[in-house]
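Engineer: Sharing a structure with you now.
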Amino acid sequence: MKSKIKKRKNCFNVLMFSCFNDKGFGILEVVIATGIITVGMVAVISFITQSYYVSQVNKNKFIATMLAQEGIELTRNVRDSNWVGGLAWNQNIVGDGTYRIDVNSSGAINIINVSGIDDALSRLKIDSGLYQHSLGTDTIFYRLITTANDAASCPAANCLQVTSEVKWSERGLAKNYAITVELYNWK
């Protein structure tokens, strides 16, 4: 009769433990696997958090850029409406001044003098997806239109320098974006 002799497997592992058997994982393998999974999850959560923050910053920069451009376009609209109405091209926007320009629900343009960008009247509100100064819920954005027509700012005759500045605050830091153009009485 043949005797059955179990042969021990010759094996070597890094931690100098005996060879694995097929009965399950040891405590050390579970601790190491848990540590690797934890480090991976922390990295993923950190990446998601950072991505969210960056997307919010980029969204606010984009909105500020568009609001500043809208301020310039509203000023151009005032100039063009003056031409159509037979008025002086720079009526209501002439001289050195700081303004809030808004379009109401009927399409009329309202121009109001404000003291500066931190003035409460400069704050933009949002109503039905539209930004305006008069109606809606307060936003983080403030817009100020500044005009100047002296020789230093706009050397040509019949010229008006217009700056549209948007200010907002993110995580306690003040941010701003400004566009400056020169409007001419080219008609």
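As shown in the structure tokens, the chain order sets the letters A, B, ...; within each chain, residues go from 1, and ligands are also counted from 1 in the order they appear.
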Neighbouring residues of range 130-139 of chain A were defined as those with any atom within 12 Å, considering only C-alpha atoms; residues of the same chain fewer than 5 positions away were excluded. Please report them as a ChimeraX atom specification.
Structural biologist: /A:60,63-64,66-68,70-71,74,99-105,107,109-112,114,119-125,144,166-170
Engineer: Save the residues we just selected, C-alpha atoms, as an mmCIF file, in the first residue's frame?
Structural biologist:
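File result_36.cif, as written:
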data_model
loop_
_atom_site.group_PDB
_atom_site.id
_atom_site.type_symbol
_atom_site.label_atom_id
_atom_site.label_comp_id
_atom_site.auth_asym_id
_atom_site.auth_seq_id
_atom_site.Cartn_x
_atom_site.Cartn_y
_atom_site.Cartn_z
ATOM 1 C CA ASN A 60 -18.260 83.211 -11.870
ATOM 2 C CA ILE A 63 -20.700 85.407 -15.740
ATOM 3 C CA ALA A 64 -18.645 88.495 -14.798
ATOM 4 C CA MET A 66 -20.633 88.535 -19.888
ATOM 5 C CA LEU A 67 -22.094 91.077 -17.440
ATOM 6 C CA ALA A 68 -19.262 93.521 -18.200
ATOM 7 C CA GLU A 70 -23.540 93.588 -21.432
ATOM 8 C CA GLY A 71 -22.779 96.898 -19.687
ATOM 9 C CA LEU A 74 -26.257 98.754 -22.970
ATOM 10 C CA TYR A 99 -23.833 104.882 -13.703
ATOM 11 C CA ARG A 100 -26.035 101.896 -13.351
ATOM 12 C CA ILE A 101 -27.657 101.050 -16.675
ATOM 13 C CA ASP A 102 -30.562 98.645 -16.687
ATOM 14 C CA VAL A 103 -33.293 97.448 -19.011
ATOM 15 C CA ASN A 104 -36.735 97.043 -17.474
ATOM 16 C CA SER A 105 -39.343 94.453 -18.447
ATOM 17 C CA GLY A 107 -37.466 97.208 -22.784
ATOM 18 C CA ILE A 109 -33.334 101.668 -20.553
ATOM 19 C CA ASN A 110 -32.902 103.204 -17.098
ATOM 20 C CA ILE A 111 -29.754 105.162 -16.258
ATOM 21 C CA ILE A 112 -29.154 106.006 -12.611
ATOM 22 C CA VAL A 114 -24.392 105.799 -8.407
ATOM 23 C CA ASP A 119 -23.028 101.283 -3.793
ATOM 24 C CA ALA A 120 -26.076 99.142 -3.016
ATOM 25 C CA LEU A 121 -27.658 100.395 -6.255
ATOM 26 C CA SER A 122 -24.820 98.758 -8.235
ATOM 27 C CA ARG A 123 -25.710 95.263 -7.020
ATOM 28 C CA LEU A 124 -27.158 92.978 -9.668
ATOM 29 C CA LYS A 125 -30.186 90.827 -9.002
ATOM 30 C CA LEU A 144 -20.646 99.949 -12.589
ATOM 31 C CA VAL A 166 -18.052 93.902 -12.518
ATOM 32 C CA LYS A 167 -17.068 93.073 -8.945
ATOM 33 C CA TRP A 168 -17.823 89.964 -6.895
ATOM 34 C CA SER A 169 -16.501 88.102 -3.874
ATOM 35 C CA GLU A 170 -15.402 84.460 -3.757
#
Engineer: Write down as a PyMOL selection string the residues belonging to chain A that are assigned helix (DSSP H, G or I) by DSSP computed on the backbone.
Structural biologist: chain A and resi 27-84+120-122
Engineer: Compare A:Gln91, A:Gln69, A:Ser128, A:Ser81 by their minimum atom-to-atom distance to Val181 in chain A, counting only C-alpha atoms, and give me the closest one.
Structural biologist: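 Among A:Gln91, A:Gln69, A:Ser128, A:Ser81, it is A:Gln69 that comes nearest to Val181 in chain A.
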Engineer: To test your reading of the structure, identify every residue in range 46-112 of chain A that backbone DSSP assigns to strand (DSSP E or B), and report it as a ChimeraX atom specification.
Structural biologist: /A:97-103,109-112
Engineer: Kindly export the residues of the current selection with N, CA and C atoms, as a PDB file, in the first residue's frame.
Structural biologist:
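Listing of part_18.pdb after writing:
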ATOM      1  N   GLY A  97     -18.714 110.299 -15.186  1.00  0.00           N
ATOM      2  CA  GLY A  97     -19.754 109.857 -14.277  1.00  0.00           C
ATOM      3  C   GLY A  97     -19.724 108.357 -14.057  1.00  0.00           C
ATOM      4  N   THR A  98     -20.443 107.941 -13.044  1.00  0.00           N
ATOM      5  CA  THR A  98     -20.587 106.523 -12.738  1.00  0.00           C
ATOM      6  C   THR A  98     -22.080 106.209 -12.738  1.00  0.00           C
ATOM      7  N   TYR A  99     -22.429 105.172 -13.463  1.00  0.00           N
ATOM      8  CA  TYR A  99     -23.833 104.882 -13.703  1.00  0.00           C
ATOM      9  C   TYR A  99     -24.159 103.418 -13.467  1.00  0.00           C
ATOM     10  N   ARG A 100     -25.437 103.221 -13.323  1.00  0.00           N
ATOM     11  CA  ARG A 100     -26.035 101.896 -13.351  1.00  0.00           C
ATOM     12  C   ARG A 100     -27.001 101.936 -14.528  1.00  0.00           C
ATOM     13  N   ILE A 101     -26.785 101.081 -15.507  1.00  0.00           N
ATOM     14  CA  ILE A 101     -27.657 101.050 -16.675  1.00  0.00           C
ATOM     15  C   ILE A 101     -28.404  99.725 -16.649  1.00  0.00           C
ATOM     16  N   ASP A 102     -29.715  99.829 -16.808  1.00  0.00           N
ATOM     17  CA  ASP A 102     -30.562  98.645 -16.687  1.00  0.00           C
ATOM     18  C   ASP A 102     -31.661  98.693 -17.737  1.00  0.00           C
ATOM     19  N   VAL A 103     -32.151  97.548 -18.111  1.00  0.00           N
ATOM     20  CA  VAL A 103     -33.293  97.448 -19.011  1.00  0.00           C
ATOM     21  C   VAL A 103     -34.446  96.877 -18.203  1.00  0.00           C
ATOM     22  N   ILE A 109     -34.645 101.613 -21.204  1.00  0.00           N
ATOM     23  CA  ILE A 109     -33.334 101.668 -20.553  1.00  0.00           C
ATOM     24  C   ILE A 109     -33.376 102.717 -19.451  1.00  0.00           C
ATOM     25  N   ASN A 110     -32.962 102.316 -18.256  1.00  0.00           N
ATOM     26  CA  ASN A 110     -32.902 103.204 -17.098  1.00  0.00           C
ATOM     27  C   ASN A 110     -31.443 103.488 -16.765  1.00  0.00           C
ATOM     28  N   ILE A 111     -31.109 104.760 -16.627  1.00  0.00           N
ATOM     29  CA  ILE A 111     -29.754 105.162 -16.258  1.00  0.00           C
ATOM     30  C   ILE A 111     -29.845 105.911 -14.936  1.00  0.00           C
ATOM     31  N   ILE A 112     -29.128 105.399 -13.944  1.00  0.00           N
ATOM     32  CA  ILE A 112     -29.154 106.006 -12.611  1.00  0.00           C
ATOM     33  C   ILE A 112     -27.721 106.272 -12.167  1.00  0.00           C
TER      34      ILE A 112
END
Engineer: For Glu73 in chain A, which of A:Ile45, A:Ile145, A:Ala152, A:Val30 is the closest residue, counting only C-alpha atoms?
Structural biologist: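 Between A:Ile45, A:Ile145, A:Ala152, A:Val30, the residue approaching Glu73 in chain A most closely is A:Ile145.
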Engineer: How many Å separate CA of Ala157 in chain A from CA of Tyr184 in chain A?
Structural biologist: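 Pair CA of Ala157 in chain A / CA of Tyr184 in chain A returns 8.3 Å.
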Engineer: So how far away is CA of Leu183 in chain A from CA of Arg76 in chain A, in Å?
Structural biologist: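 Spanning CA of Arg76 in chain A to CA of Leu183 in chain A is a straight-line distance of 7.5 Å.
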Engineer: Return the single residue from A:Ser106, A:Asp96, A:Asp118, A:Val84 that is closest to Asp150 in chain A, with distances computed using only C-alpha atoms.
Structural biologist: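 The shortest atom-to-atom distance to Asp150 in chain A comes from A:Asp96.
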